[in-house]
$ cat entry_0.cif   # mmCIF, C-alpha atoms; chains and numbers go by the auth columns
data_input
#
loop_
_atom_site.group_PDB
_atom_site.id
_atom_site.type_symbol
_atom_site.label_atom_id
_atom_site.label_comp_id
_atom_site.label_asym_id
_atom_site.label_seq_id
_atom_site.Cartn_x
_atom_site.Cartn_y
_atom_site.Cartn_z
_atom_site.B_iso_or_equiv
_atom_site.auth_seq_id
_atom_site.auth_asym_id
ATOM 1 C CA MET A 1 137.204 4.596 -84.267 0.00 1 A
ATOM 2 C CA LEU A 2 139.989 6.284 -86.136 0.00 2 A
ATOM 3 C CA ILE A 3 143.291 5.872 -84.329 0.00 3 A
ATOM 4 C CA THR A 4 146.825 6.826 -85.266 0.00 4 A
ATOM 5 C CA SER A 5 149.399 4.258 -86.277 0.00 5 A
ATOM 6 C CA PRO A 6 151.933 3.407 -84.958 0.00 6 A
ATOM 7 C CA ARG A 7 150.385 3.213 -81.522 0.00 7 A
ATOM 8 C CA PHE A 8 150.465 1.199 -78.323 0.00 8 A
ATOM 9 C CA THR A 9 148.436 -1.993 -78.637 0.00 9 A
ATOM 10 C CA SER A 10 146.537 -1.132 -75.467 0.00 10 A
ATOM 11 C CA TYR A 11 144.735 1.607 -77.424 0.00 11 A
ATOM 12 C CA ASP A 12 143.167 -1.040 -79.650 0.00 12 A
ATOM 13 C CA ALA A 13 142.010 -2.964 -76.584 0.00 13 A
ATOM 14 C CA ALA A 14 140.354 0.182 -75.202 0.00 14 A
ATOM 15 C CA VAL A 15 138.562 0.794 -78.518 0.00 15 A
ATOM 16 C CA LEU A 16 137.355 -2.816 -78.634 0.00 16 A
ATOM 17 C CA LEU A 17 136.143 -2.623 -75.011 0.00 17 A
ATOM 18 C CA CYS A 18 134.010 0.366 -76.046 0.00 18 A
ATOM 19 C CA GLY A 19 132.454 -1.673 -78.851 0.00 19 A
ATOM 20 C CA GLY A 20 134.402 0.114 -81.564 0.00 20 A
ATOM 21 C CA VAL A 21 136.521 -1.080 -84.450 0.00 21 A
ATOM 22 C CA PRO A 22 140.058 0.348 -84.647 0.00 22 A
ATOM 23 C CA VAL A 23 140.674 2.003 -88.036 0.00 23 A
ATOM 24 C CA PRO A 24 144.383 2.831 -88.362 0.00 24 A
ATOM 25 C CA VAL A 25 145.337 6.300 -89.574 0.00 25 A
ATOM 26 C CA PRO A 26 148.966 6.047 -90.624 0.00 26 A
ATOM 27 C CA THR A 27 151.594 8.581 -89.695 0.00 27 A
ATOM 28 C CA TYR A 28 154.958 8.773 -91.415 0.00 28 A
ATOM 29 C CA GLU A 29 158.540 9.500 -90.478 0.00 29 A
ATOM 30 C CA ARG A 30 158.701 12.063 -93.319 0.00 30 A
ATOM 31 C CA ASP A 31 156.122 14.113 -91.331 0.00 31 A
ATOM 32 C CA ASP A 32 157.833 13.446 -87.978 0.00 32 A
ATOM 33 C CA PHE A 33 154.931 11.051 -87.305 0.00 33 A
ATOM 34 C CA ALA A 34 152.542 14.006 -86.990 0.00 34 A
ATOM 35 C CA LEU A 35 148.903 13.327 -87.805 0.00 35 A
ATOM 36 C CA MET A 36 147.991 14.709 -91.238 0.00 36 A
ATOM 37 C CA PRO A 37 144.409 15.803 -92.051 0.00 37 A
ATOM 38 C CA GLU A 38 144.383 14.112 -95.467 0.00 38 A
ATOM 39 C CA GLU A 39 145.133 10.753 -93.835 0.00 39 A
ATOM 40 C CA ILE A 40 142.140 11.196 -91.521 0.00 40 A
ATOM 41 C CA GLU A 41 139.829 12.350 -94.320 0.00 41 A
ATOM 42 C CA ALA A 42 140.760 9.335 -96.465 0.00 42 A
ATOM 43 C CA ARG A 43 139.459 7.013 -93.740 0.00 43 A
ATOM 44 C CA ILE A 44 136.278 8.779 -92.642 0.00 44 A
ATOM 45 C CA THR A 45 133.126 6.886 -93.561 0.00 45 A
ATOM 46 C CA GLY A 46 129.475 7.148 -92.622 0.00 46 A
ATOM 47 C CA ARG A 47 130.240 4.801 -89.737 0.00 47 A
ATOM 48 C CA SER A 48 133.067 6.931 -88.282 0.00 48 A
ATOM 49 C CA LYS A 49 132.173 8.274 -84.871 0.00 49 A
ATOM 50 C CA VAL A 50 135.386 8.920 -82.935 0.00 50 A
ATOM 51 C CA LEU A 51 138.956 9.992 -83.561 0.00 51 A
ATOM 52 C CA VAL A 52 141.330 8.899 -80.819 0.00 52 A
ATOM 53 C CA LEU A 53 143.746 11.827 -80.695 0.00 53 A
ATOM 54 C CA VAL A 54 146.708 11.307 -78.392 0.00 54 A
ATOM 55 C CA THR A 55 149.251 14.102 -78.494 0.00 55 A
ATOM 56 C CA PRO A 56 152.087 13.678 -77.808 0.00 56 A
ATOM 57 C CA ASN A 57 151.494 10.310 -79.406 0.00 57 A
ATOM 58 C CA ASN A 58 152.812 7.121 -77.886 0.00 58 A
ATOM 59 C CA PRO A 59 155.146 5.530 -78.844 0.00 59 A
ATOM 60 C CA THR A 60 156.487 8.053 -81.399 0.00 60 A
ATOM 61 C CA GLY A 61 156.339 11.162 -79.226 0.00 61 A
ATOM 62 C CA ALA A 62 154.883 13.116 -82.167 0.00 62 A
ATOM 63 C CA VAL A 63 152.862 16.209 -81.396 0.00 63 A
ATOM 64 C CA THR A 64 149.877 17.032 -83.594 0.00 64 A
ATOM 65 C CA PRO A 65 150.413 20.585 -84.881 0.00 65 A
ATOM 66 C CA PRO A 66 147.950 23.177 -83.511 0.00 66 A
ATOM 67 C CA ASP A 67 146.648 24.036 -86.988 0.00 67 A
ATOM 68 C CA VAL A 68 145.801 20.355 -87.546 0.00 68 A
ATOM 69 C CA VAL A 69 143.993 20.172 -84.199 0.00 69 A
ATOM 70 C CA ARG A 70 141.968 23.270 -85.217 0.00 70 A
ATOM 71 C CA GLN A 71 141.129 21.717 -88.579 0.00 71 A
ATOM 72 C CA ILE A 72 140.004 18.469 -86.901 0.00 72 A
ATOM 73 C CA ALA A 73 137.897 20.448 -84.413 0.00 73 A
ATOM 74 C CA GLY A 74 136.217 22.211 -87.316 0.00 74 A
ATOM 75 C CA TRP A 75 134.962 18.920 -88.736 0.00 75 A
#
$ encode --input "entry_0.cif" --output "structure tokens"
Amino acid sequence: MLITSPRFTSYDAAVLLCGGVPVPVPTYERDDFALMPEEIEARITGRSKVLVLVTPNNPTGAVTPPDVVRQIAGW
């Protein structure tokens, strides 16, 4: 399961409880910790099934821009 980083550690526990493997998708201060599509795409494999999208994200408070949410939904 693709999941943003940084994140609360309890998110990893939830992914593991569901039988998934947390795959960190980094976010950066330079982007105000917003989730960037190219970071997601770089981590998608044939085994990817779920993207955990929390917006506003904890603990950074970053909000995923609407155009990024639309792009993700299109995948």
$ residues_around --input "entry_0.cif" --residues "Ser5 of chain A" --least-positions-apart "2" --cutoff "7 Å" --atoms "only C-alpha atoms" --output "JSON list (two decimals) with C-alpha atoms, keeping the file's coordinate frame"
[["chain", "number", "residue", "atom", "x", "y", "z"],
["A", 3, "ILE", "CA", 143.29, 5.87, -84.33],
["A", 7, "ARG", "CA", 150.38, 3.21, -81.52],
["A", 24, "PRO", "CA", 144.38, 2.83, -88.36],
["A", 25, "VAL", "CA", 145.34, 6.30, -89.57],
["A", 26, "PRO", "CA", 148.97, 6.05, -90.62],
["A", 27, "THR", "CA", 151.59, 8.58, -89.70]]
$ resolve_selection --input "entry_0.cif" --expression "the PyMOL selection byres ((chain A and resi 4) around 10)" --output "CSV table (one decimal) with C-alpha atoms, in the coordinates of the input"
chain,number,residue,atom,x,y,z
A,1,MET,CA,137.2,4.6,-84.3
A,2,LEU,CA,140.0,6.3,-86.1
A,3,ILE,CA,143.3,5.9,-84.3
A,5,SER,CA,149.4,4.3,-86.3
A,6,PRO,CA,151.9,3.4,-85.0
A,7,ARG,CA,150.4,3.2,-81.5
A,8,PHE,CA,150.5,1.2,-78.3
A,11,TYR,CA,144.7,1.6,-77.4
A,22,PRO,CA,140.1,0.3,-84.6
A,23,VAL,CA,140.7,2.0,-88.0
A,24,PRO,CA,144.4,2.8,-88.4
A,25,VAL,CA,145.3,6.3,-89.6
A,26,PRO,CA,149.0,6.0,-90.6
A,27,THR,CA,151.6,8.6,-89.7
A,33,PHE,CA,154.9,11.1,-87.3
A,34,ALA,CA,152.5,14.0,-87.0
A,35,LEU,CA,148.9,13.3,-87.8
A,36,MET,CA,148.0,14.7,-91.2
A,39,GLU,CA,145.1,10.8,-93.8
A,40,ILE,CA,142.1,11.2,-91.5
A,51,LEU,CA,139.0,10.0,-83.6
A,52,VAL,CA,141.3,8.9,-80.8
A,53,LEU,CA,143.7,11.8,-80.7
A,54,VAL,CA,146.7,11.3,-78.4
A,57,ASN,CA,151.5,10.3,-79.4
A,58,ASN,CA,152.8,7.1,-77.9
$ axis_aligned_box --input "entry_0.cif" --around "segment 23-39 of chain A" --padding-each-side "4 Å" --output "lines of an AutoDock Vina configuration file"
center_x = 149.7
center_y = 8.9
center_z = -91.2
size_x = 26.0
size_y = 21.8
size_z = 16.5
$ atom_distance --input "entry_0.cif" --atom1 "atom CA of Val21 of chain A" --atom2 "atom CA of Pro65 of chain A"
25.7 Å
$ residues_near_point --input "entry_0.cif" --point "(146.1, 21.2, -91.8)" --cutoff "12 Å" --atoms "all atoms listed in the file" --output "list in words"
Ala34, Leu35, Met36, Pro37, Glu38, Glu39, Ile40, Glu41, Thr64, Pro65, Pro66, Asp67, Val68, Val69, Arg70, Gln71, Ile72, Ala73, Gly74 and Trp75 of chain A
$ atom_distance --input "entry_0.cif" --atom1 "atom CA of Asp12 of chain A" --atom2 "atom CA of Arg30 of chain A"
24.5 Å
$ closest_residue --input "entry_0.cif" --among "A:Asp31, A:Pro59, A:Lys49, A:Arg43" --to "Gly19 of chain A" --atoms "all atoms listed in the file"
A:Lys49
$ atom_distance --input "entry_0.cif" --atom1 "atom CA of Val15 of chain A" --atom2 "atom CA of Thr55 of chain A"
17.1 Å
